[in-house]
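Some notes on the structure that comes next.
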Amino acid sequence: MSAPDGSPVGAERSIGQLFASATAEMSALVHDEIALAKAQLRQDVKRGATSGGAFSAAGAVLIFSLPMLNFALAYGIRTWSDWNLAVCFLLSFAANVLVALVLALVGIVFAKKAKKSKGPQKVAASMKESAVVLQKAKPHPRPELPQDRGPEAIEAVARSSS
């Protein structure tokens, strides 16, 4: 098993490697937070589009179907009941208004869901929490050096390897 930067787990890493690893992980965190915000905004836009579509459908039903539906329904009611033709037309109009109201209610429900959504606010709160946690993070204390490995021995190894 290895660490994200490819070094074996448990091996001591230099400060530069630790900083590079932390920077890479921070960058990945920010990219993931941005992707989450985009996904939530996409969902909110989809709900808003559904709401607009339902309102548009309600308007289209009310405008375009009234003449044909009114005639067909009115003459059907007259054939079935032998009522006055004017009353039959009023009943067919009432049926069309009822359909339009149902579609408008569907649009209102979706509009309220889109308005209630707190997608971007959730992401912003999550990012603030991450920032607070990272600000309060403290480095782990370094282990004590063994007696035979004093600072002079480490410095000699560092000079010989460069």
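Residues are named by chain letter and number: chains run A, B, ... in the order of the structure tokens, numbers start at 1 in each chain, and ligands are numbered from 1 in the order shown.
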Contacts of segment 54-56 of chain A at 8 Å or less, counting only C-alpha atoms, minus same-chain residues fewer than 3 places along, as a PyMOL selection string?
-> chain A and resi 50-51+59-60+103-104+106-107
Write out as number ranges by chain each polymer residue whose atoms come within 8 Å of Leu66 of chain A, counting only C-alpha atoms; drop sequence neighbours fewer than 4 positions from it.
-> A: 61-62, 70, 93, 96
Output file for the selection above: C-alpha atoms, as a short mmCIF file (atom, residue, chain, number, x, y, z; two decimals), in the first residue's frame:
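Saved file result_28.cif follows:
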```cif
data_model
loop_
_atom_site.label_atom_id
_atom_site.label_comp_id
_atom_site.auth_asym_id
_atom_site.auth_seq_id
_atom_site.Cartn_x
_atom_site.Cartn_y
_atom_site.Cartn_z
CA VAL A 61 -54.52 23.52 -22.59
CA LEU A 62 -56.71 26.44 -21.67
CA ASN A 70 -66.08 22.87 -25.74
CA PHE A 93 -65.94 25.29 -20.23
CA ASN A 96 -61.53 22.82 -19.17
#
```
Fewer than 6 positions away in the same chain doesn't count, so skip those; otherwise give me all residues within 12 Å of Lys128 of chain A, counting only C-alpha atoms, as a ChimeraX atom specification.
-> /A:30,33,121-122,134-135
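Take the candidates A:Ala58, A:Leu36, A:Leu41, A:Val87 and check each one against Ile108 of chain A using only C-alpha atoms; the shortest distance goes to A:Ala58.
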Segment 12-148 of chain A: which residues are helix (DSSP H, G or I) by DSSP, as a ChimeraX atom specification?
-> /A:15-64,66-81,85-116,119-136
